[in-house]
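**Q** mmCIF, C-alpha atoms, file final13.cif:
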data_input
#
loop_
_atom_site.group_PDB
_atom_site.id
_atom_site.type_symbol
_atom_site.label_atom_id
_atom_site.label_comp_id
_atom_site.auth_asym_id
_atom_site.auth_seq_id
_atom_site.Cartn_x
_atom_site.Cartn_y
_atom_site.Cartn_z
ATOM 1 C CA MET A 164 14.128 -18.739 -8.293
ATOM 2 C CA SER A 165 12.242 -16.501 -10.700
ATOM 3 C CA GLN A 166 12.015 -12.737 -10.373
ATOM 4 C CA TRP A 167 8.434 -13.126 -9.195
ATOM 5 C CA LEU A 168 9.356 -15.309 -6.240
ATOM 6 C CA LEU A 169 12.371 -13.152 -5.440
ATOM 7 C CA GLY A 170 10.215 -10.025 -5.392
ATOM 8 C CA ALA A 171 7.639 -11.740 -3.169
ATOM 9 C CA ALA A 172 10.397 -12.785 -0.740
ATOM 10 C CA VAL A 173 11.817 -9.251 -0.567
ATOM 11 C CA LEU A 174 8.385 -7.764 0.089
ATOM 12 C CA ALA A 175 7.642 -10.428 2.717
ATOM 13 C CA VAL A 176 10.765 -9.350 4.592
ATOM 14 C CA CYS A 177 9.554 -5.740 4.346
ATOM 15 C CA LEU A 178 6.405 -6.709 6.271
ATOM 16 C CA VAL A 179 8.426 -7.199 9.477
ATOM 17 C CA PRO A 180 9.400 -3.501 9.984
ATOM 18 C CA CYS A 181 5.811 -2.473 9.207
ATOM 19 C CA ALA A 182 4.570 -4.843 11.912
ATOM 20 C CA ALA A 183 7.124 -3.404 14.335
ATOM 21 C CA VAL A 184 5.866 0.137 13.659
ATOM 22 C CA CYS A 185 2.273 -1.070 14.153
ATOM 23 C CA PHE A 186 3.175 -2.539 17.537
ATOM 24 C CA TYR A 187 5.505 0.105 18.941
ATOM 25 C CA ALA A 188 4.462 3.449 17.399
ATOM 26 C CA GLY A 189 1.276 5.382 18.128
ATOM 27 C CA PRO A 190 -2.145 4.529 16.722
ATOM 28 C CA LEU A 191 -1.960 6.902 13.748
ATOM 29 C CA SER A 192 1.560 5.811 12.818
ATOM 30 C CA GLY A 193 0.382 2.227 13.166
ATOM 31 C CA LEU A 194 -2.469 2.899 10.780
ATOM 32 C CA ALA A 195 -0.036 4.342 8.221
ATOM 33 C CA ALA A 196 2.172 1.268 8.623
ATOM 34 C CA LEU A 197 -0.904 -0.930 8.217
ATOM 35 C CA GLN A 198 -1.726 0.755 4.914
ATOM 36 C CA VAL A 199 1.833 0.220 3.680
ATOM 37 C CA ALA A 200 1.713 -3.416 4.804
ATOM 38 C CA GLY A 201 -1.578 -3.851 2.940
ATOM 39 C CA GLY A 202 0.013 -2.573 -0.247
ATOM 40 C CA LEU A 203 2.978 -4.894 0.220
ATOM 41 C CA THR A 204 0.671 -7.875 0.808
ATOM 42 C CA THR A 205 -1.311 -7.086 -2.329
ATOM 43 C CA SER A 206 1.932 -7.011 -4.301
ATOM 44 C CA ILE A 207 3.022 -10.308 -2.748
ATOM 45 C CA LEU A 208 -0.254 -11.996 -3.716
ATOM 46 C CA ILE A 209 0.047 -10.766 -7.315
ATOM 47 C CA LEU A 210 3.653 -11.939 -7.511
ATOM 48 C CA LEU A 211 2.810 -15.376 -6.066
ATOM 49 C CA ALA A 212 -0.110 -15.773 -8.473
ATOM 50 C CA GLU A 213 2.225 -15.127 -11.404
ATOM 51 C CA ALA A 214 5.045 -17.263 -10.000
ATOM 52 C CA PHE A 215 2.902 -20.345 -9.330
ATOM 53 C CA ARG A 216 0.365 -19.697 -12.102
ATOM 54 C CA ARG A 217 -2.468 -20.063 -9.607
ATOM 55 C CA GLN A 218 -5.645 -18.117 -10.330
ATOM 56 C CA PRO A 219 -6.985 -18.005 -6.719
ATOM 57 C CA PHE A 220 -4.044 -15.923 -5.550
ATOM 58 C CA ILE A 221 -4.887 -13.114 -7.959
ATOM 59 C CA ASP A 222 -8.514 -13.271 -6.776
ATOM 60 C CA LEU A 223 -7.209 -12.850 -3.241
ATOM 61 C CA ALA A 224 -5.201 -9.830 -4.378
ATOM 62 C CA VAL A 225 -8.285 -8.167 -5.882
ATOM 63 C CA VAL A 226 -10.360 -8.766 -2.754
ATOM 64 C CA PHE A 227 -7.514 -7.742 -0.461
ATOM 65 C CA ALA A 228 -6.954 -4.463 -2.317
ATOM 66 C CA ALA A 229 -10.634 -3.539 -1.995
ATOM 67 C CA LEU A 230 -10.840 -4.541 1.659
ATOM 68 C CA MET A 231 -7.609 -2.707 2.474
ATOM 69 C CA VAL A 232 -9.083 0.577 1.275
ATOM 70 C CA VAL A 233 -12.361 0.031 3.134
ATOM 71 C CA GLY A 234 -10.557 -1.171 6.254
ATOM 72 C CA GLY A 235 -8.263 1.842 6.260
ATOM 73 C CA ILE A 236 -11.223 4.209 6.058
ATOM 74 C CA VAL A 237 -13.068 2.371 8.845
ATOM 75 C CA PHE A 238 -9.986 2.342 11.094
ATOM 76 C CA ALA A 239 -9.454 6.049 10.447
ATOM 77 C CA ARG A 240 -13.035 6.870 11.363
ATOM 78 C CA ILE A 241 -12.722 4.833 14.568
ATOM 79 C CA LEU A 242 -9.414 6.475 15.485
ATOM 80 C CA GLU A 243 -10.988 9.881 14.977
ATOM 81 C CA ARG A 244 -12.428 9.580 18.456
ATOM 82 C CA ASP A 245 -10.265 8.973 21.484
ATOM 83 C CA LEU A 246 -9.870 5.288 22.220
ATOM 84 C CA MET B 115 14.187 -12.914 -23.899
ATOM 85 C CA THR B 116 11.261 -11.112 -25.512
ATOM 86 C CA TRP B 117 10.480 -7.470 -24.941
ATOM 87 C CA ARG B 118 7.523 -8.501 -22.805
ATOM 88 C CA SER B 119 9.723 -10.478 -20.429
ATOM 89 C CA ALA B 120 12.280 -7.675 -20.232
ATOM 90 C CA ALA B 121 9.611 -5.051 -19.558
ATOM 91 C CA SER B 122 7.961 -7.211 -16.905
ATOM 92 C CA VAL B 123 11.300 -7.710 -15.129
ATOM 93 C CA VAL B 124 11.912 -3.957 -15.118
ATOM 94 C CA LEU B 125 8.394 -3.252 -13.818
ATOM 95 C CA VAL B 126 8.687 -5.893 -11.088
ATOM 96 C CA CYS B 127 12.020 -4.465 -9.968
ATOM 97 C CA LEU B 128 10.557 -0.966 -9.850
ATOM 98 C CA GLY B 129 7.450 -2.143 -7.976
ATOM 99 C CA VAL B 130 9.398 -4.134 -5.393
ATOM 100 C CA GLY B 131 11.835 -1.235 -5.038
ATOM 101 C CA LEU B 132 8.985 1.161 -4.336
ATOM 102 C CA GLY B 133 7.636 -1.271 -1.724
ATOM 103 C CA ALA B 134 11.040 -1.355 -0.034
ATOM 104 C CA VAL B 135 11.287 2.460 -0.147
ATOM 105 C CA ALA B 136 7.813 2.729 1.400
ATOM 106 C CA THR B 137 8.842 0.384 4.217
ATOM 107 C CA LEU B 138 12.022 2.350 4.801
ATOM 108 C CA GLY B 139 10.047 5.587 4.888
ATOM 109 C CA VAL B 140 7.539 4.265 7.411
ATOM 110 C CA VAL B 141 10.355 3.130 9.685
ATOM 111 C CA VAL B 142 12.572 6.217 9.352
ATOM 112 C CA MET B 143 9.985 9.007 9.519
ATOM 113 C CA ARG B 144 9.017 10.194 12.978
ATOM 114 C CA ASP B 145 5.734 12.010 12.415
ATOM 115 C CA TRP B 146 2.570 10.061 11.563
ATOM 116 C CA GLN B 147 1.716 12.547 8.815
ATOM 117 C CA ASP B 148 5.049 11.853 7.128
ATOM 118 C CA ARG B 149 4.421 8.127 7.406
ATOM 119 C CA VAL B 150 1.044 8.325 5.664
ATOM 120 C CA HIS B 151 2.773 9.672 2.539
ATOM 121 C CA TYR B 152 4.547 6.353 2.094
ATOM 122 C CA ALA B 153 1.267 4.436 1.869
ATOM 123 C CA GLY B 154 0.870 6.134 -1.519
ATOM 124 C CA VAL B 155 4.332 4.959 -2.523
ATOM 125 C CA ALA B 156 3.395 1.380 -1.633
ATOM 126 C CA ALA B 157 0.201 1.702 -3.685
ATOM 127 C CA LEU B 158 2.248 2.865 -6.671
ATOM 128 C CA GLY B 159 4.401 -0.249 -6.210
ATOM 129 C CA VAL B 160 1.266 -2.410 -6.451
ATOM 130 C CA VAL B 161 0.328 -0.621 -9.683
ATOM 131 C CA LEU B 162 3.743 -1.344 -11.197
ATOM 132 C CA VAL B 163 3.612 -5.019 -10.171
ATOM 133 C CA GLY B 164 0.131 -5.300 -11.674
ATOM 134 C CA LEU B 165 1.357 -3.704 -14.881
ATOM 135 C CA ALA B 166 4.242 -6.188 -14.956
ATOM 136 C CA VAL B 167 1.780 -9.081 -14.902
ATOM 137 C CA LEU B 168 -0.364 -7.373 -17.541
ATOM 138 C CA VAL B 169 2.627 -6.854 -19.845
ATOM 139 C CA ARG B 170 3.727 -10.468 -19.427
ATOM 140 C CA GLU B 171 0.314 -12.142 -19.745
ATOM 141 C CA SER B 172 -1.483 -9.577 -21.924
ATOM 142 C CA PHE B 173 -5.279 -9.363 -21.479
ATOM 143 C CA SER B 174 -5.892 -12.835 -20.065
ATOM 144 C CA ILE B 175 -7.828 -13.686 -16.899
ATOM 145 C CA ILE B 176 -4.847 -13.129 -14.642
ATOM 146 C CA GLY B 177 -3.802 -10.014 -16.571
ATOM 147 C CA ASP B 178 -7.260 -8.504 -16.330
ATOM 148 C CA LYS B 179 -7.436 -9.149 -12.599
ATOM 149 C CA ALA B 180 -3.993 -7.643 -12.097
ATOM 150 C CA LEU B 181 -5.240 -4.571 -13.982
ATOM 151 C CA VAL B 182 -8.346 -4.420 -11.767
ATOM 152 C CA THR B 183 -6.146 -4.607 -8.672
ATOM 153 C CA ALA B 184 -3.907 -1.809 -9.984
ATOM 154 C CA VAL B 185 -6.908 0.409 -10.747
ATOM 155 C CA LEU B 186 -8.391 -0.312 -7.309
ATOM 156 C CA MET B 187 -5.170 0.753 -5.639
ATOM 157 C CA LEU B 188 -4.783 3.783 -7.893
ATOM 158 C CA VAL B 189 -8.289 5.018 -7.049
ATOM 159 C CA GLY B 190 -8.731 3.779 -3.482
ATOM 160 C CA SER B 191 -5.377 4.516 -1.902
ATOM 161 C CA PRO B 192 -5.530 8.341 -2.194
ATOM 162 C CA ILE B 193 -9.056 8.281 -0.760
ATOM 163 C CA ALA B 194 -7.989 6.140 2.200
ATOM 164 C CA ASN B 195 -4.908 8.292 2.808
ATOM 165 C CA HIS B 196 -6.982 11.455 2.731
ATOM 166 C CA VAL B 197 -9.443 10.010 5.245
ATOM 167 C CA ILE B 198 -6.578 8.924 7.511
ATOM 168 C CA LEU B 199 -4.990 12.383 7.438
ATOM 169 C CA ARG B 200 -8.354 14.067 8.041
ATOM 170 C CA SER B 201 -9.208 11.772 10.934
ATOM 171 C CA GLY B 202 -5.756 12.210 12.429
ATOM 172 C CA ARG B 203 -6.124 15.967 12.232
ATOM 173 C CA ILE B 204 -9.484 15.759 13.985
ATOM 174 C CA ARG B 205 -7.976 13.475 16.610
ATOM 175 C CA THR B 206 -5.008 15.734 17.329
ATOM 176 C CA LEU B 207 -6.498 19.221 16.795
ATOM 177 C CA GLY B 208 -10.208 18.622 17.319
ATOM 178 C CA ASP B 209 -11.145 19.948 13.875
ATOM 179 C CA TRP B 210 -9.906 19.382 10.316
ATOM 180 C CA ARG B 211 -10.307 22.958 9.020
ATOM 181 C CA ARG B 212 -7.217 24.912 8.098
ATOM 182 C CA ASN B 213 -7.851 27.898 10.359
ATOM 183 C CA VAL B 214 -7.759 25.754 13.482
ATOM 184 C CA ASP B 215 -3.993 26.332 13.645
ATOM 185 C CA ASP B 216 -4.503 30.084 13.701
ATOM 186 C CA GLN B 217 -7.171 29.820 16.368
ATOM 187 C CA ILE B 218 -4.918 27.692 18.546
ATOM 188 C CA GLU B 219 -2.048 30.163 18.133
ATOM 189 C CA ALA B 220 -4.398 33.049 18.977
ATOM 190 C CA GLN B 221 -5.536 31.303 22.130
#
Using structure tokens, write down the structure that the file contains.
**A**
Amino acid sequence: MSQWLLGAAVLAVCLVPCAAVCFYAGPLSGLAALQVAGGLTTSILILLAEAFRRQPFIDLAVVFAALMVVGGIVFARILERDL
Amino acid sequence: MTWRSAASVVLVCLGVGLGAVATLGVVVMRDWQDRVHYAGVAALGVVLVGLAVLVRESFSIIGDKALVTAVLMLVGSPIANHVILRSGRIRTLGDWRRNVDDQIEAQ
């Protein structure tokens, strides 16, 4: 197992606590956990693209990084009002 | 092992380590404002992983896209975190301005 795959596996495990915070903490804490999980997923996609030498994975990482920022802003604006 | 491979291994280890620290911070911290700080740490981890790919592959297609991803995270993550903190402040206090605390204490 290369360092790329090992790093992707470690970060994939780290997604589980972030999901737990999203489910069990409040909405604002869940949004923070969602942002962290988005960063971890972007890293995972980059690492998998390098490990498998597959170009589409790095395209996914670029799109995911952009959408994560936009999604975080949209979620924050929605959470600004009481749900 | 070339210097490129060694540098990429170091950068990957640092990036994955920052991702793990960010996860630990989100789980351990109790306040939502403290948790938002760790989103920036995770974004810095993405930047280091992207730099690792760039160092290993140089300016190829995959290296360029890794660089674009790193720049996106470097620019976009602070903006998103600022908006989250501002919206959370509006949600909890009703207004984002600094003197709201003083007004609440005065009331």
**Q** Just checking: using only C-alpha atoms, which residue out of A:Gln198, A:Gln218, A:Gln166, A:Ser192 ends up closest to Gly129 of chain B?
**A**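 Result for the nearest residue to Gly129 of chain B: A:Gln166.
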**Q** Could you tell me which residues the PyMOL selection byres ((chain B and resi 147-161) around 8) grabs in this file, written as a ChimeraX atom specification?
**A** /A:192,195-196,198-199,202-203,205-206 /B:128-133,135-137,139-140,143-146,162-165,183-185,187-188,191-192,195,198-199
**Q** Taking 4 positions as the minimum chain separation for residues in the same chain, which residues sit within 7 Å of Cys177 of chain A when counting only C-alpha atoms? Answer as a PyMOL selection string.
**A** (chain A and resi 173+181) or (chain B and resi 134+137)
**Q** Which residues match the PyMOL selection byres ((chain B and resi 166-169) around 6) in the file above, as a compact mmCIF listing (two decimals) with C-alpha atoms, keeping the file's coordinate frame?
**A**
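Below is the file that was written, selection_26.txt:
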# COMPACT_ATOMS: atom_id res chain seq x y z
CA ARG B 118 7.52 -8.50 -22.80
CA SER B 122 7.96 -7.21 -16.90
CA LEU B 125 8.39 -3.25 -13.82
CA VAL B 126 8.69 -5.89 -11.09
CA VAL B 163 3.61 -5.02 -10.17
CA GLY B 164 0.13 -5.30 -11.67
CA LEU B 165 1.36 -3.70 -14.88
CA ARG B 170 3.73 -10.47 -19.43
CA GLU B 171 0.31 -12.14 -19.74
CA SER B 172 -1.48 -9.58 -21.92
CA GLY B 177 -3.80 -10.01 -16.57
**Q** Contacts of segment 224-233 of chain A at 6 Å or less, counting only C-alpha atoms, minus same-chain residues fewer than 2 places along, as a list in words?
**A**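 Here the qualifying residues turn out to be Thr205, Leu208, Ile221, Asp222, Gly235 and Ile236 of chain A; Thr183, Gly190 and Ala194 of chain B.
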**Q** Between atom CA of Leu181 of chain B and atom CA of Ile209 of chain A, what is the distance in Å, rounded to a tenth?
**A** 10.5 Å
